[in-house]
>>> print(open('structure-v7.txt').read())   # compact mmCIF, C-alpha atoms
# COMPACT_ATOMS: atom_id res chain seq x y z
CA MET A 1 0.00 0.00 0.00
CA ASP A 2 1.26 3.47 -0.91
CA LEU A 3 2.07 5.24 2.36
CA ARG A 4 1.35 8.60 0.75
CA VAL A 5 -2.23 7.54 0.10
CA PHE A 6 -2.56 6.42 3.73
CA SER A 7 -1.14 9.75 4.92
CA ARG A 8 -3.62 11.73 2.80
CA TRP A 9 -6.46 9.61 4.20
CA LEU A 10 -5.41 10.52 7.75
CA ASP A 11 -5.38 14.24 6.95
CA VAL A 12 -8.71 14.46 5.20
CA SER A 13 -11.54 16.06 7.18
CA GLY A 14 -14.24 14.08 5.38
CA PRO A 15 -17.90 14.11 6.39
CA VAL A 16 -17.06 13.50 10.06
CA SER A 17 -15.56 16.34 12.07
CA ARG A 18 -13.10 16.04 14.92
CA ASN A 19 -15.63 16.69 17.66
CA GLU A 20 -18.13 14.25 16.14
CA LEU A 21 -15.48 11.55 16.11
CA PHE A 22 -14.75 12.06 19.79
CA VAL A 23 -18.45 12.17 20.68
CA ALA A 24 -18.88 8.75 19.10
CA VAL A 25 -15.78 7.26 20.71
CA THR A 26 -16.50 8.67 24.19
CA ALA A 27 -20.10 7.43 23.96
CA ILE A 28 -18.83 3.92 23.20
CA GLY A 29 -16.41 4.13 26.10
CA PHE A 30 -19.07 5.41 28.51
CA MET A 31 -21.53 2.67 27.56
CA ASN A 32 -18.79 0.08 27.85
CA GLY A 33 -17.79 1.45 31.24
CA ILE A 34 -21.31 1.27 32.70
CA SER A 35 -22.22 -2.03 31.02
CA GLU A 36 -21.26 -4.23 33.96
CA ARG A 37 -23.20 -2.16 36.47
CA VAL A 38 -26.25 -1.92 34.20
CA ALA A 39 -26.24 -5.67 33.54
CA SER A 40 -25.94 -6.58 37.24
CA THR A 41 -28.70 -4.16 38.24
CA VAL A 42 -31.08 -5.50 35.60
CA ARG A 43 -30.22 -9.07 36.54
CA ASP A 44 -30.82 -8.49 40.25
CA ASN A 45 -33.87 -6.21 40.11
CA GLY A 46 -35.47 -6.47 36.65
CA VAL A 47 -35.60 -3.95 33.82
CA VAL A 48 -38.21 -1.52 35.18
CA PRO A 49 -36.86 -1.27 38.77
CA ALA A 50 -33.32 -0.96 37.38
CA PHE A 51 -34.42 1.85 35.06
CA LEU A 52 -36.20 3.68 37.89
CA ASP A 53 -33.03 3.32 39.97
CA THR A 54 -31.06 4.78 37.03
CA PHE A 55 -29.18 1.46 36.86
CA ASN A 56 -27.45 2.12 40.18
CA ILE A 57 -25.66 5.08 38.61
CA SER A 58 -26.13 8.53 40.10
CA ILE A 59 -28.34 10.91 38.16
CA VAL A 60 -25.47 13.39 38.47
CA VAL A 61 -23.33 11.13 36.25
CA TRP A 62 -26.08 10.77 33.63
CA ILE A 63 -26.75 14.52 33.47
CA ALA A 64 -23.03 15.35 33.37
CA TRP A 65 -22.51 12.92 30.49
CA ALA A 66 -25.41 14.46 28.55
CA ILE A 67 -24.11 18.00 29.13
CA GLY A 68 -20.56 17.02 28.24
CA THR A 69 -21.76 15.41 25.01
CA VAL A 70 -23.71 18.55 24.09
CA PHE A 71 -20.63 20.70 24.63
CA LEU A 72 -18.53 18.41 22.43
CA LEU A 73 -21.13 18.62 19.68
CA ARG A 74 -21.34 22.43 19.93
CA GLU A 75 -17.72 22.82 18.91
CA SER A 76 -17.16 24.12 15.39
CA ARG A 77 -16.24 21.50 12.82
CA GLN A 78 -12.51 20.80 12.60
CA PRO A 79 -10.54 18.30 10.53
CA ILE A 80 -9.34 15.11 12.16
CA GLU A 81 -5.57 15.04 12.66
CA ARG A 82 -3.15 12.10 12.69
CA ARG A 83 -2.69 12.25 16.44
CA ASP A 84 -6.47 12.08 16.91
CA TRP A 85 -6.58 8.81 14.99
CA ILE A 86 -3.74 7.41 17.10
CA VAL A 87 -5.47 8.34 20.38
CA VAL A 88 -8.80 6.97 19.16
CA ALA A 89 -7.17 3.72 18.02
CA VAL A 90 -5.55 3.19 21.43
CA ALA A 91 -8.84 3.98 23.20
CA CYS A 92 -10.80 1.57 21.01
CA ALA A 93 -8.24 -1.15 21.66
CA ALA A 94 -8.81 -0.61 25.40
CA PHE A 95 -12.58 -0.79 24.89
CA LEU A 96 -12.22 -4.19 23.20
CA ILE A 97 -10.47 -5.70 26.20
CA PRO A 98 -13.11 -7.25 28.51
CA VAL A 99 -11.92 -5.32 31.56
CA VAL A 100 -14.38 -2.55 32.43
CA PRO A 101 -11.95 -0.26 34.35
CA LEU A 102 -9.83 0.04 31.19
CA SER A 103 -12.73 1.86 29.54
CA TRP A 104 -12.66 4.57 32.23
CA LEU A 105 -8.89 4.79 31.98
CA ALA A 106 -9.19 5.20 28.20
CA LEU A 107 -11.88 7.86 28.66
CA SER A 108 -9.54 9.73 30.98
CA GLY A 109 -6.88 9.59 28.28
CA LEU A 110 -9.32 10.88 25.65
CA ALA A 111 -10.30 13.75 27.94
CA PHE A 112 -6.65 14.70 28.57
CA HIS A 113 -5.98 14.61 24.83
CA LEU A 114 -8.89 16.96 24.15
CA LEU A 115 -7.82 19.30 26.94
CA ARG A 116 -4.29 19.42 25.56
CA THR A 117 -5.38 20.07 21.97
CA SER A 118 -8.27 22.51 22.47
CA GLN A 119 -8.45 26.17 23.38
CA ARG A 120 -9.41 27.12 26.89
CA SER A 121 -13.12 28.03 27.26
CA SER A 122 -13.95 26.40 23.94
CA SER A 123 -16.91 24.03 23.92
CA LEU A 124 -14.57 21.12 23.27
CA ASN A 125 -12.40 22.04 26.25
CA ARG A 126 -15.36 22.46 28.59
CA GLY A 127 -16.90 19.18 27.46
CA ALA A 128 -13.58 17.41 28.00
CA TRP A 129 -13.39 18.71 31.57
CA ILE A 130 -16.86 17.36 32.29
CA LEU A 131 -15.92 14.03 30.71
CA LEU A 132 -12.85 13.86 32.92
CA GLY A 133 -15.01 14.73 35.92
CA ILE A 134 -17.25 11.73 35.20
CA THR A 135 -14.31 9.38 35.56
CA VAL A 136 -13.77 10.59 39.15
CA PRO A 137 -16.80 8.84 40.73
CA MET A 138 -16.83 6.02 38.18
CA PHE A 139 -13.15 5.08 38.36
CA TRP A 140 -10.59 7.24 40.18
CA SER A 141 -12.42 7.40 43.51
CA ARG A 142 -12.52 3.60 43.51
CA ILE A 143 -8.76 3.47 42.97
CA VAL A 144 -8.27 5.87 45.86
CA PHE A 145 -10.60 3.81 48.04
CA GLU A 146 -8.75 0.58 47.24
CA MET A 147 -5.52 2.24 48.33
CA LEU A 148 -6.85 4.04 51.42
CA SER A 149 -9.97 2.08 52.37
CA GLY A 150 -8.88 1.47 55.97
CA PHE A 151 -8.06 5.11 56.56
CA ILE A 152 -11.28 6.37 54.89
CA LEU A 153 -13.61 3.99 56.72
CA GLU A 154 -11.91 4.65 60.03
CA GLY A 155 -12.34 8.38 59.44
CA ASP A 156 -16.09 7.88 58.98
CA ALA A 157 -16.15 5.67 62.08
CA ILE A 158 -14.39 8.30 64.20
CA LEU A 159 -17.00 10.91 63.28
CA VAL A 160 -19.90 8.50 63.83
CA GLY A 161 -18.48 7.31 67.14
CA TRP A 162 -18.09 10.90 68.29
CA LEU A 163 -21.74 11.68 67.48
CA VAL A 164 -23.14 8.45 68.94
CA GLY A 165 -20.87 8.66 71.96
CA THR A 166 -20.06 4.96 72.17
CA PRO A 167 -16.82 2.93 71.94
CA ARG A 168 -15.30 2.23 68.53
CA SER A 169 -13.20 -0.63 67.24
CA GLY A 170 -11.79 0.03 63.78
CA ASN A 171 -14.76 0.88 61.61
CA ALA A 172 -17.28 -0.68 63.99
CA ILE A 173 -19.21 1.48 66.48
CA GLN A 174 -21.23 0.21 69.40
CA PHE A 175 -24.98 0.90 69.27
CA ALA A 176 -26.21 3.49 71.76
CA ASP A 177 -28.24 0.88 73.63
CA GLY A 178 -25.27 -1.51 73.81
CA SER A 179 -27.10 -4.22 71.84
CA GLY A 180 -24.30 -4.74 69.36
CA TYR A 181 -22.02 -2.99 66.90
CA LEU A 182 -22.64 -0.96 63.77
CA TRP A 183 -20.15 -1.85 61.05
CA ILE A 184 -19.46 0.77 58.37
CA ALA A 185 -19.25 -1.14 55.09
CA PRO A 186 -17.31 0.12 52.06
CA ASN A 187 -20.58 0.98 50.29
CA CYS A 188 -21.42 3.34 53.17
CA SER A 189 -18.21 5.34 52.81
CA SER A 190 -18.51 9.10 52.32
CA LEU A 191 -15.96 8.99 49.49
CA ALA A 192 -18.55 8.05 46.84
CA ASN A 193 -20.63 11.13 47.65
CA VAL A 194 -17.53 13.33 47.75
CA SER A 195 -16.58 12.22 44.23
CA LEU A 196 -20.10 13.04 43.02
CA ALA A 197 -19.86 16.47 44.63
CA ILE A 198 -16.63 17.09 42.71
CA LEU A 199 -18.32 16.05 39.45
CA CYS A 200 -21.31 18.29 40.19
CA TRP A 201 -19.02 21.24 40.90
CA MET A 202 -16.97 20.57 37.76
CA THR A 203 -20.13 20.46 35.63
CA PHE A 204 -21.44 23.74 37.01
CA ILE A 205 -18.23 25.73 36.57
CA LYS A 206 -17.85 24.48 33.00
CA VAL A 207 -21.47 25.17 32.07
CA TRP A 208 -21.00 28.73 33.36
CA ASP A 209 -17.42 28.78 32.00
CA ARG A 210 -15.93 29.83 35.33
CA PRO A 211 -12.24 29.30 36.18
CA ALA A 212 -11.24 27.20 39.17
CA THR A 213 -10.63 30.22 41.41
CA ARG A 214 -9.97 29.94 45.13
CA TRP A 215 -13.59 30.94 45.73
CA ASN A 216 -14.96 28.20 43.52
CA ILE A 217 -12.62 25.65 45.07
CA ALA A 218 -13.76 26.76 48.52
CA TRP A 219 -17.39 26.19 47.52
CA ALA A 220 -16.46 22.76 46.16
CA ALA A 221 -14.80 21.94 49.48
CA LEU A 222 -17.95 23.13 51.28
CA ALA A 223 -20.09 20.83 49.13
CA CYS A 224 -17.77 17.89 49.93
CA MET A 225 -17.90 18.59 53.66
CA ALA A 226 -21.70 18.92 53.51
CA VAL A 227 -22.21 15.51 51.86
CA ILE A 228 -19.81 13.94 54.36
CA ALA A 229 -21.84 15.47 57.19
CA ILE A 230 -25.10 14.12 55.76
CA ASN A 231 -23.69 10.62 55.31
CA VAL A 232 -22.19 10.60 58.80
CA ALA A 233 -25.45 11.90 60.28
CA ARG A 234 -27.41 9.10 58.61
CA ILE A 235 -25.04 6.42 59.91
CA SER A 236 -25.13 8.03 63.36
CA LEU A 237 -28.92 7.80 63.42
CA MET A 238 -28.57 4.06 62.88
CA GLY A 239 -26.26 3.89 65.88
CA LEU A 240 -28.47 6.06 68.06
CA TYR A 241 -31.72 4.34 67.15
CA PRO A 242 -30.95 0.69 66.33
CA GLU A 243 -34.67 -0.15 66.48
CA TYR A 244 -35.07 1.91 63.28
CA PHE A 245 -31.97 0.47 61.60
CA ASP A 246 -33.88 -1.25 58.77
CA LEU A 247 -35.84 1.92 58.01
CA ILE A 248 -32.82 4.25 57.99
CA HIS A 249 -30.53 1.79 56.23
CA GLY A 250 -33.18 0.45 53.83
CA PRO A 251 -34.58 1.85 50.58
CA ILE A 252 -36.59 4.61 52.29
CA GLY A 253 -33.66 5.98 54.28
CA ALA A 254 -31.28 5.59 51.35
CA THR A 255 -33.65 7.42 48.98
CA ILE A 256 -34.21 10.31 51.38
CA ALA A 257 -30.48 10.65 52.03
CA SER A 258 -29.72 10.53 48.29
CA TRP A 259 -32.17 13.31 47.51
CA ILE A 260 -30.86 15.47 50.35
CA ILE A 261 -27.29 14.94 49.19
CA LEU A 262 -28.26 15.74 45.59
CA GLY A 263 -29.99 18.94 46.68
CA VAL A 264 -26.99 20.02 48.74
CA MET A 265 -24.53 19.28 45.93
CA VAL A 266 -26.54 21.13 43.30
CA GLY A 267 -27.49 24.01 45.58
CA THR A 268 -23.97 24.58 46.88
CA SER A 269 -22.41 24.37 43.41
CA LEU A 270 -25.00 26.75 41.94
CA ILE A 271 -24.64 29.29 44.75
CA GLY A 272 -20.86 29.08 44.51
CA VAL A 273 -20.82 29.68 40.75
CA GLN A 274 -23.21 32.63 40.99
CA TYR A 275 -21.29 34.12 43.94
CA ASP A 276 -18.00 33.87 42.09
CA HIS A 277 -19.65 35.31 38.97
CA ARG A 278 -20.82 38.37 40.92
CA LYS A 279 -17.38 38.83 42.50
CA ALA A 280 -15.83 38.97 39.04
CA PHE A 281 -17.77 42.15 38.33
CA VAL A 282 -17.32 43.84 41.72
>>> encode(input="structure-v7.txt", output="structure tokens")
Amino acid sequence: MDLRVFSRWLDVSGPVSRNELFVAVTAIGFMNGISERVASTVRDNGVVPAFLDTFNISIVVWIAWAIGTVFLLRESRQPIERRDWIVVAVACAAFLIPVVPLSWLALSGLAFHLLRTSQRSSSLNRGAWILLGITVPMFWSRIVFEMLSGFILEGDAILVGWLVGTPRSGNAIQFADGSGYLWIAPNCSSLANVSLAILCWMTFIKVWDRPATRWNIAWAALACMAVIAINVARISLMGLYPEYFDLIHGPIGATIASWIILGVMVGTSLIGVQYDHRKAFV
């Protein structure tokens, strides 16, 4: 094959623009990344309950992905470059390997490539930031938890033990009535909610095209502390009132806590963005 023909093929813009190519590839990677969780949720609960539960994936992730995709599509049409094809080929190779975490790692690489090759404040750049933010709760927070799980769970246990006022052993806290111990499982860790708060904040500042100023970062930190406080308060209620453990820990308590956390994340991020926006014109 004539290498000059191959080179010309790589340089041609064709009917597909650069941003459209990356929208398609990132969509494949996202679907591949959530496939395992979607399949297990449908298998365990059925199609309708799984759909109503958003397939055990936070609504924040779904909305962020939709917004990020819209921003990528809003970018003006640009020709596809050689390096784009190389990055896409590597990402697609990762998608073909039946190891779900590789999809999130590849998506992170795609996002970094777009950030490096796009102008700041462009739609492509803002969409790439949101895409990178999605990988935080879906992949990077899990890596952090695997490395620091003992420290993170013990931190939650210290706060819960302080509120309940009972002895603690590792990540287990004695019930207030002394009937047994409350064990903080990995799924109850505050880290998952913190990663969602970071994604929510990232989405808001990119939708409003705000820089990561010290004020915005402070509001993000406030949102993280707020969701930690809500999670710790919920676990503490289980320790204080063990007779209501099933209610607080079950679907009703989990749903109420999720909605409160969502409201706090969105509200804090929105107030922070608007406050920083007003300060810019003071």
>>> atom_distance(input="structure-v7.txt", atom1="CA of Pro186 in chain A", atom2="CA of Pro137 in chain A")
14.3 Å
>>> residues_around(input="structure-v7.txt", residues="Pro101 in chain A", least_positions_apart="6", cutoff="9 Å", atoms="only C-alpha atoms", output="list in words")
Gly33, Met138 and Phe139 of chain A
>>> atom_distance(input="structure-v7.txt", atom1="CA of Asn45 in chain A", atom2="CA of Ile235 in chain A")
25.1 Å
>>> atom_distance(input="structure-v7.txt", atom1="CA of Gln274 in chain A", atom2="CA of Leu222 in chain A")
15.0 Å
>>> closest_residue(input="structure-v7.txt", among="A:Leu102, A:Val88, A:Leu182, A:Leu73", to="Ile34 in chain A", atoms="only C-alpha atoms")
A:Leu102
>>> residues_around(input="structure-v7.txt", residues="Trp65 in chain A", least_positions_apart="2", cutoff="9 Å", atoms="all atoms listed in the file", output="tab-separated table (two decimals) with C-alpha atoms, keeping the file's coordinate frame")
chain	number	residue	atom	x	y	z
A	27	ALA	CA	-20.10	7.43	23.96
A	30	PHE	CA	-19.07	5.41	28.51
A	60	VAL	CA	-25.47	13.39	38.47
A	61	VAL	CA	-23.33	11.13	36.25
A	62	TRP	CA	-26.08	10.77	33.63
A	63	ILE	CA	-26.75	14.52	33.47
A	67	ILE	CA	-24.11	18.00	29.13
A	68	GLY	CA	-20.56	17.02	28.24
A	69	THR	CA	-21.76	15.41	25.01
A	70	VAL	CA	-23.71	18.55	24.09
A	127	GLY	CA	-16.90	19.18	27.46
A	130	ILE	CA	-16.86	17.36	32.29
A	131	LEU	CA	-15.92	14.03	30.71
A	134	ILE	CA	-17.25	11.73	35.20
>>> residues_around(input="structure-v7.txt", residues="range 248-252 of chain A", least_positions_apart="6", cutoff="10 Å", atoms="only C-alpha atoms", output="compact mmCIF listing (two decimals) with C-alpha atoms, in the coordinates of the input")
# COMPACT_ATOMS: atom_id res chain seq x y z
CA CYS A 188 -21.42 3.34 53.17
CA ARG A 234 -27.41 9.10 58.61
CA ILE A 235 -25.04 6.42 59.91
CA LEU A 237 -28.92 7.80 63.42
CA MET A 238 -28.57 4.06 62.88
CA TYR A 241 -31.72 4.34 67.15
CA PRO A 242 -30.95 0.69 66.33
CA SER A 258 -29.72 10.53 48.29
>>> residues_around(input="structure-v7.txt", residues="Ile205 in chain A", least_positions_apart="3", cutoff="12 Å", atoms="only C-alpha atoms", output="PyMOL selection string")
chain A and resi 64+121+126-127+129-130+133+198-202+208-213+215-217+219-220+266+268-277
>>> axis_aligned_box(input="structure-v7.txt", around="range 14-19 of chain A", padding_each_side="8 Å", output="AutoDock Vina command-line options")
--center_x -15.5 --center_y 15.1 --center_z 11.5 --size_x 20.8 --size_y 19.2 --size_z 28.3
>>> closest_residue(input="structure-v7.txt", among="A:Trp85, A:Phe71, A:Phe151, A:Trp183", to="Ser236 in chain A", atoms="only C-alpha atoms")
A:Trp183
>>> residues_near_point(input="structure-v7.txt", point="(-16.7, 14.1, 51.7)", cutoff="6 Å", atoms="all atoms listed in the file", output="list in words")
Ser190, Leu191, Val194, Cys224, Met225, Val227 and Ile228 of chain A
>>> residues_near_point(input="structure-v7.txt", point="(-5.1, 3.6, 21.9)", cutoff="12 Å", atoms="all atoms listed in the file", output="list of chain:residue names")
A:Val25, A:Arg83, A:Asp84, A:Trp85, A:Ile86, A:Val87, A:Val88, A:Ala89, A:Val90, A:Ala91, A:Cys92, A:Ala93, A:Ala94, A:Phe95, A:Leu96, A:Ile97, A:Leu102, A:Ser103, A:Leu105, A:Ala106, A:Leu107, A:Ser108, A:Gly109, A:Leu110, A:His113
>>> closest_residue(input="structure-v7.txt", among="A:Val23, A:Ala185, A:Ala221, A:Val160", to="Ala128 in chain A", atoms="only C-alpha atoms")
A:Val23
>>> closest_residue(input="structure-v7.txt", among="A:Ala229, A:Trp259, A:Gly267, A:Ser35", to="Val99 in chain A", atoms="only C-alpha atoms")
A:Ser35
>>> decode(input="structure-v7.txt", residues="range 253-265 of chain A", atoms="all heavy atoms", output="short mmCIF file (atom, residue, chain, number, x, y, z; two decimals), in the first residue's frame")
data_model
loop_
_atom_site.label_atom_id
_atom_site.label_comp_id
_atom_site.auth_asym_id
_atom_site.auth_seq_id
_atom_site.Cartn_x
_atom_site.Cartn_y
_atom_site.Cartn_z
N GLY A 253 -34.72 5.12 53.76
CA GLY A 253 -33.66 5.98 54.28
C GLY A 253 -32.62 6.32 53.23
O GLY A 253 -32.15 7.46 53.16
N ALA A 254 -32.28 5.34 52.39
CA ALA A 254 -31.28 5.59 51.35
C ALA A 254 -31.79 6.59 50.32
O ALA A 254 -31.04 7.47 49.87
CB ALA A 254 -30.93 4.27 50.66
N THR A 255 -33.07 6.49 49.96
CA THR A 255 -33.65 7.42 48.98
C THR A 255 -33.70 8.84 49.53
O THR A 255 -33.33 9.80 48.84
CB THR A 255 -35.06 6.96 48.59
OG1 THR A 255 -35.00 5.65 48.02
CG2 THR A 255 -35.67 7.92 47.58
N ILE A 256 -34.14 8.98 50.78
CA ILE A 256 -34.21 10.31 51.38
C ILE A 256 -32.82 10.93 51.47
O ILE A 256 -32.62 12.10 51.11
CB ILE A 256 -34.85 10.22 52.78
CG1 ILE A 256 -36.32 9.82 52.66
CG2 ILE A 256 -34.74 11.57 53.51
CD1 ILE A 256 -37.00 9.57 53.99
N ALA A 257 -31.85 10.14 51.92
CA ALA A 257 -30.48 10.65 52.03
C ALA A 257 -29.93 11.04 50.66
O ALA A 257 -29.26 12.07 50.52
CB ALA A 257 -29.59 9.60 52.69
N SER A 258 -30.22 10.24 49.64
CA SER A 258 -29.72 10.53 48.29
C SER A 258 -30.28 11.84 47.76
O SER A 258 -29.55 12.64 47.16
CB SER A 258 -30.08 9.39 47.34
OG SER A 258 -29.43 8.19 47.72
N TRP A 259 -31.56 12.07 47.99
CA TRP A 259 -32.17 13.31 47.51
C TRP A 259 -31.64 14.52 48.27
O TRP A 259 -31.44 15.59 47.68
CB TRP A 259 -33.69 13.23 47.63
CG TRP A 259 -34.32 12.47 46.50
CD1 TRP A 259 -34.85 11.22 46.53
CD2 TRP A 259 -34.47 12.94 45.15
NE1 TRP A 259 -35.33 10.86 45.28
CE2 TRP A 259 -35.11 11.90 44.41
CE3 TRP A 259 -34.14 14.12 44.49
CZ2 TRP A 259 -35.41 12.02 43.06
CZ3 TRP A 259 -34.44 14.23 43.13
CH2 TRP A 259 -35.06 13.20 42.45
N ILE A 260 -31.43 14.36 49.58
CA ILE A 260 -30.86 15.47 50.35
C ILE A 260 -29.45 15.79 49.87
O ILE A 260 -29.09 16.96 49.67
CB ILE A 260 -30.86 15.13 51.86
CG1 ILE A 260 -32.28 15.03 52.39
CG2 ILE A 260 -30.08 16.20 52.64
CD1 ILE A 260 -32.37 14.57 53.82
N ILE A 261 -28.65 14.74 49.67
CA ILE A 261 -27.29 14.94 49.19
C ILE A 261 -27.29 15.59 47.81
O ILE A 261 -26.49 16.51 47.54
CB ILE A 261 -26.53 13.60 49.17
CG1 ILE A 261 -26.23 13.14 50.59
CG2 ILE A 261 -25.23 13.71 48.37
CD1 ILE A 261 -25.65 11.75 50.69
N LEU A 262 -28.17 15.14 46.92
CA LEU A 262 -28.26 15.74 45.59
C LEU A 262 -28.62 17.21 45.68
O LEU A 262 -28.02 18.06 44.99
CB LEU A 262 -29.31 14.98 44.75
CG LEU A 262 -29.56 15.52 43.34
CD1 LEU A 262 -28.30 15.43 42.50
CD2 LEU A 262 -30.71 14.76 42.68
N GLY A 263 -29.60 17.54 46.53
CA GLY A 263 -29.99 18.94 46.68
C GLY A 263 -28.86 19.80 47.21
O GLY A 263 -28.66 20.94 46.74
N VAL A 264 -28.11 19.26 48.17
CA VAL A 264 -26.99 20.02 48.74
C VAL A 264 -25.89 20.21 47.71
O VAL A 264 -25.32 21.31 47.58
CB VAL A 264 -26.45 19.29 49.99
CG1 VAL A 264 -25.12 19.89 50.42
CG2 VAL A 264 -27.45 19.37 51.13
N MET A 265 -25.57 19.17 46.95
CA MET A 265 -24.53 19.28 45.93
C MET A 265 -24.90 20.32 44.87
O MET A 265 -24.10 21.20 44.54
CB MET A 265 -24.29 17.92 45.26
CG MET A 265 -23.57 16.91 46.11
SD MET A 265 -23.04 15.44 45.18
CE MET A 265 -24.63 14.84 44.58
#
